[in-house]
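Input: a single structure, listed below in structure tokens.
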Amino acid sequence: MKNSEAPHNSSPSRYRWVVLFTAFLAFVAYAFALQEAPPLIPSIIGEFGISNAQAGLVMSIVLVPGIFLSLPAGIFVNKYGARRLGLAALSVVIASSFLILMANSFVVVLAGRFILGLGGAFIVATAPAVIAQWFVKEELGKAMGVFGVNMPFATILAFPTASMLKDLGYGWRFPFYISLVLGIIVAVIFALVVREGPFARQDRTMTTRVAVGNVEIWKVGFVWLFFNAAALSFVTWAPTLFEKFQGVPKVEASFFASLLMWAAIFFVPVFGYLSDRFGRRKFFAVLGAVLMTLAFASIAYTSNFVLVVSILALGISAAMIPPIVSALPAEILGSNLAGLGFGVTGMCMNIGGAVAQPFVGFMLDFTQSYVYCLLGMAGLSAIGAVVAFLLKTR
């Protein structure tokens with residue numbers, strides 16, 4: 001059987017959805033391992049006697065490998081194949097959970113989290129590249145819209161799971177057994193399902209060197225950088241800002257911040273479908289970034305019911321951008337070099353995530369102002385809107 005053929009006599013038109021679901025699971029396996037850590041940080045602090053600043057490394061160190069490895073990962077996808085690289089990346093994710101389970105010091109925990117970042121850098125480039133090999137360009141928005149639910153879904157799944165297991169007395173390590181088992185199951189599914197798709201060898205008119213220097217793919221990357229900087233800074237700091245300046249109780253403040261993720265689960269697939277339906281990617285990218293800017297400004301100057309409405313508006317607006325950013329690499333570089341494009345966007349995503357928390361934290365320390373912090377997030381979205389407007393695509 002040739003690699004481009006779907007196993008079990010399934011036609012590619014139907015089998016592509018199985019591949020899409022498998023790529024989705026691969027990203028969720030990484031994202032679940034990433035996002036199960038925040039609820040466990042107090043317990044990790046208690047066991048190893050570390051500071052809050054040191055505990056912050058549990059999340060930030062995961063992003064470091066992606067800054068340097070996402071672009072090489074995208075090149076390797078084209079050279080070695082998405083299936084082989086995806087399996088290797090999932091194996092690294094599994095190894096990271098196992099190492100953390102065995103950790104007897106905080107240094108070993110950080111080593112495990114750094115290794116998770118290594119696997120994540122390759123999954124971020126590989127999983128969407130698999131999808132681009134199986135879907136025609138006219139359906140990429142819909143496919144990437146479904147795929148784009150991965151991080152919100154994993155976050156909403158990981159947070160309560162880790163918190164519940166910790167509260168039941170299983171200790172902070174037990175949730176990593178869940179991520180270990182999940183990684184193994186997904187790796188087996190990935191090995192059985194993923195094959196080179198029917199569009200993997202099309203559009204071979206561009207070399208890797210030319211693709212790396214393509215200005216449009218870097219514009220897409222910068223749209224993704226500023227989107228993640230704005231969105232992640234909100235998710236990270238909104239509970240603190242709402243509790244400190246708006247007098248919102250702690251539990252409600254965290255729930256308000258999570259509305260961004262809940263909105264994404266429902267609306268990212270919708271906007272992905274609409275971008276296919278109307279054939280206008282740029283319009284949704286610009287509109288989403290502009291509306292995010294306005295929503296941040298509204299959050300800065302409202303309270304009570306209007307504040308909740310503004311947060312929901314922010315979530316719906318933010319949902320416009322992920323399916324567009326995920327669809328454009330294959331359209332700009334072709335299906336065979338899409339992995340390289342996802343390497344660019346993955347690197348930019350990690351840079352945006354790495355700078356977001358300290359940026360807003362610095363603003364909060366320097367100004368002690370709720371309004372200035374929200375307007376800072378609005379400024380990041382506004383820059384993303386300008387870059388999106390400069391895209392030379394429909």
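Ordered as shown in the structure tokens, chains take letters A, B, and onward, while each chain numbers its residues from 1 and ligands are numbered from 1 in the order shown.
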
With a distance cut-off of 8 Å and only C-alpha atoms, select the neighbouring residues of Gly353 (chain A), excluding the residue or stretch itself and same-chain residues fewer than 6 positions from it, and output the selection as a PDB file with all heavy atoms, in the first residue's frame.
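For reference, out19.pdb as written:
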```pdb
ATOM      1  N   LEU A  63       8.140  26.953  26.936  1.00  0.00           N
ATOM      2  CA  LEU A  63       8.055  27.753  25.714  1.00  0.00           C
ATOM      3  C   LEU A  63       9.417  28.014  25.077  1.00  0.00           C
ATOM      4  O   LEU A  63       9.493  28.329  23.886  1.00  0.00           O
ATOM      5  CB  LEU A  63       7.372  29.090  26.013  1.00  0.00           C
ATOM      6  CG  LEU A  63       5.964  29.015  26.604  1.00  0.00           C
ATOM      7  CD1 LEU A  63       5.457  30.413  26.934  1.00  0.00           C
ATOM      8  CD2 LEU A  63       5.010  28.321  25.648  1.00  0.00           C
ATOM      9  N   LEU A 225       1.923  36.083  16.623  1.00  0.00           N
ATOM     10  CA  LEU A 225       2.717  36.522  17.782  1.00  0.00           C
ATOM     11  C   LEU A 225       1.918  37.515  18.615  1.00  0.00           C
ATOM     12  O   LEU A 225       1.786  37.352  19.841  1.00  0.00           O
ATOM     13  CB  LEU A 225       4.024  37.147  17.291  1.00  0.00           C
ATOM     14  CG  LEU A 225       5.073  37.542  18.349  1.00  0.00           C
ATOM     15  CD1 LEU A 225       6.467  37.568  17.717  1.00  0.00           C
ATOM     16  CD2 LEU A 225       4.780  38.905  18.986  1.00  0.00           C
ATOM     17  N   ASN A 228      -1.236  35.952  20.310  1.00  0.00           N
ATOM     18  CA  ASN A 228      -0.933  35.163  21.506  1.00  0.00           C
ATOM     19  C   ASN A 228      -0.447  36.030  22.649  1.00  0.00           C
ATOM     20  O   ASN A 228      -0.761  35.766  23.819  1.00  0.00           O
ATOM     21  CB  ASN A 228       0.109  34.089  21.167  1.00  0.00           C
ATOM     22  CG  ASN A 228      -0.508  32.876  20.512  1.00  0.00           C
ATOM     23  OD1 ASN A 228      -1.083  32.023  21.190  1.00  0.00           O
ATOM     24  ND2 ASN A 228      -0.423  32.791  19.190  1.00  0.00           N
ATOM     25  N   ALA A 229       0.327  37.069  22.340  1.00  0.00           N
ATOM     26  CA  ALA A 229       0.775  37.976  23.392  1.00  0.00           C
ATOM     27  C   ALA A 229      -0.417  38.612  24.097  1.00  0.00           C
ATOM     28  O   ALA A 229      -0.458  38.706  25.328  1.00  0.00           O
ATOM     29  CB  ALA A 229       1.691  39.046  22.810  1.00  0.00           C
ATOM     30  N   LEU A 232      -2.849  35.502  25.740  1.00  0.00           N
ATOM     31  CA  LEU A 232      -2.242  34.814  26.879  1.00  0.00           C
ATOM     32  C   LEU A 232      -2.000  35.765  28.044  1.00  0.00           C
ATOM     33  O   LEU A 232      -2.099  35.353  29.204  1.00  0.00           O
ATOM     34  CB  LEU A 232      -0.938  34.147  26.460  1.00  0.00           C
ATOM     35  CG  LEU A 232      -1.096  32.966  25.493  1.00  0.00           C
ATOM     36  CD1 LEU A 232       0.269  32.410  25.099  1.00  0.00           C
ATOM     37  CD2 LEU A 232      -1.962  31.866  26.092  1.00  0.00           C
ATOM     38  N   SER A 233      -1.693  37.020  27.759  1.00  0.00           N
ATOM     39  CA  SER A 233      -1.534  37.973  28.852  1.00  0.00           C
ATOM     40  C   SER A 233      -2.868  38.192  29.563  1.00  0.00           C
ATOM     41  O   SER A 233      -2.914  38.347  30.788  1.00  0.00           O
ATOM     42  CB  SER A 233      -0.978  39.303  28.345  1.00  0.00           C
ATOM     43  OG  SER A 233      -1.843  39.899  27.400  1.00  0.00           O
TER      44      SER A 233
END
```

### Selection near Ala33 (chain A), 8 Å with only C-alpha atoms, sequence-local residues under 4 positions removed, as a ChimeraX atom specification
/A:29,37,93,97,116,158,176,179

Could you turn the residues from that selection into a file that holds N, CA, C and O atoms, as a CSV table (one decimal), in the first residue's frame?
```csv
chain,number,residue,atom,x,y,z
A,29,ALA,N,-2.6,16.0,23.4
A,29,ALA,CA,-1.7,15.3,24.3
A,29,ALA,C,-0.6,16.2,24.8
A,29,ALA,O,-0.2,16.1,26.0
A,37,ALA,N,-0.1,21.7,34.7
A,37,ALA,CA,0.8,22.2,35.7
A,37,ALA,C,0.3,23.4,36.6
A,37,ALA,O,0.5,23.4,37.8
A,93,VAL,N,7.1,13.8,24.4
A,93,VAL,CA,6.1,14.3,25.4
A,93,VAL,C,5.9,13.2,26.4
A,93,VAL,O,5.8,13.5,27.6
A,97,SER,N,6.6,13.4,30.8
A,97,SER,CA,5.7,13.1,31.9
A,97,SER,C,6.4,12.0,32.8
A,97,SER,O,6.3,12.1,34.0
A,116,LEU,N,9.4,18.5,27.6
A,116,LEU,CA,8.0,18.7,27.0
A,116,LEU,C,8.0,19.8,26.0
A,116,LEU,O,7.4,19.6,24.9
A,158,ALA,N,-7.7,19.9,31.4
A,158,ALA,CA,-6.6,19.7,32.3
A,158,ALA,C,-6.8,20.4,33.6
A,158,ALA,O,-6.4,19.8,34.7
A,176,PHE,N,0.2,13.6,36.2
A,176,PHE,CA,1.2,13.3,35.2
A,176,PHE,C,1.1,11.9,34.7
A,176,PHE,O,1.6,11.6,33.6
A,179,SER,N,-1.3,12.3,31.9
A,179,SER,CA,-0.7,12.8,30.6
A,179,SER,C,0.2,11.7,30.0
A,179,SER,O,0.3,11.6,28.8
```

### Task
Please provide the set of residues having any atom within 8 Å of Phe227 (chain A), restricted to only C-alpha atoms, with same-chain residues fewer than 6 positions apart removed, written as an NGL selection string.
:A and (289 or 318 or 321 or 352 or 380-381 or 384)

### Query
Can you tell me, as a list in words, what residues are no more than 8 Å from Phe271 (chain A) when counting only C-alpha atoms, ignoring any on the same chain fewer than 2 positions away?
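Once the adjacent positions are removed, what remains is Gly141, Lys142, Gly145, Phe267, Val268, Pro269, Tyr273, Leu274, Ser275, Phe284, Ala319, Met320 and Pro323 of chain A.
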
Would you save the residues of that selection, restricted to N, CA and C atoms, as an mmCIF file, in the first residue's frame?
```cif
data_model
loop_
_atom_site.group_PDB
_atom_site.id
_atom_site.type_symbol
_atom_site.label_atom_id
_atom_site.label_comp_id
_atom_site.auth_asym_id
_atom_site.auth_seq_id
_atom_site.Cartn_x
_atom_site.Cartn_y
_atom_site.Cartn_z
ATOM 1 N N GLY A 141 -9.948 26.159 5.988
ATOM 2 C CA GLY A 141 -10.498 26.967 7.072
ATOM 3 C C GLY A 141 -11.359 26.130 8.007
ATOM 4 N N LYS A 142 -12.228 25.312 7.411
ATOM 5 C CA LYS A 142 -13.093 24.452 8.215
ATOM 6 C C LYS A 142 -12.274 23.447 9.015
ATOM 7 N N GLY A 145 -10.286 25.163 11.657
ATOM 8 C CA GLY A 145 -11.187 25.632 12.694
ATOM 9 C C GLY A 145 -11.457 24.562 13.729
ATOM 10 N N PHE A 267 -16.708 28.954 18.760
ATOM 11 C CA PHE A 267 -16.703 29.862 17.609
ATOM 12 C C PHE A 267 -15.532 29.689 16.652
ATOM 13 N N VAL A 268 -14.409 29.105 17.079
ATOM 14 C CA VAL A 268 -13.283 28.906 16.152
ATOM 15 C C VAL A 268 -13.700 28.068 14.938
ATOM 16 N N PRO A 269 -14.380 26.915 15.119
ATOM 17 C CA PRO A 269 -14.830 26.158 13.934
ATOM 18 C C PRO A 269 -15.794 26.944 13.052
ATOM 19 N N TYR A 273 -15.145 27.792 9.077
ATOM 20 C CA TYR A 273 -16.093 27.450 8.008
ATOM 21 C C TYR A 273 -16.464 28.684 7.197
ATOM 22 N N LEU A 274 -16.727 29.802 7.880
ATOM 23 C CA LEU A 274 -17.134 31.016 7.171
ATOM 24 C C LEU A 274 -16.015 31.548 6.276
ATOM 25 N N SER A 275 -14.765 31.396 6.709
ATOM 26 C CA SER A 275 -13.663 31.863 5.869
ATOM 27 C C SER A 275 -13.564 31.036 4.594
ATOM 28 N N PHE A 284 -11.289 38.214 7.979
ATOM 29 C CA PHE A 284 -11.535 37.710 9.329
ATOM 30 C C PHE A 284 -10.358 37.987 10.253
ATOM 31 N N ALA A 319 -11.727 34.320 18.463
ATOM 32 C CA ALA A 319 -11.951 33.059 17.759
ATOM 33 C C ALA A 319 -11.810 33.194 16.250
ATOM 34 N N MET A 320 -11.804 34.419 15.730
ATOM 35 C CA MET A 320 -11.678 34.608 14.280
ATOM 36 C C MET A 320 -10.267 34.324 13.771
ATOM 37 N N PRO A 323 -8.194 29.957 13.129
ATOM 38 C CA PRO A 323 -8.364 29.166 11.904
ATOM 39 C C PRO A 323 -7.739 29.824 10.680
#
```
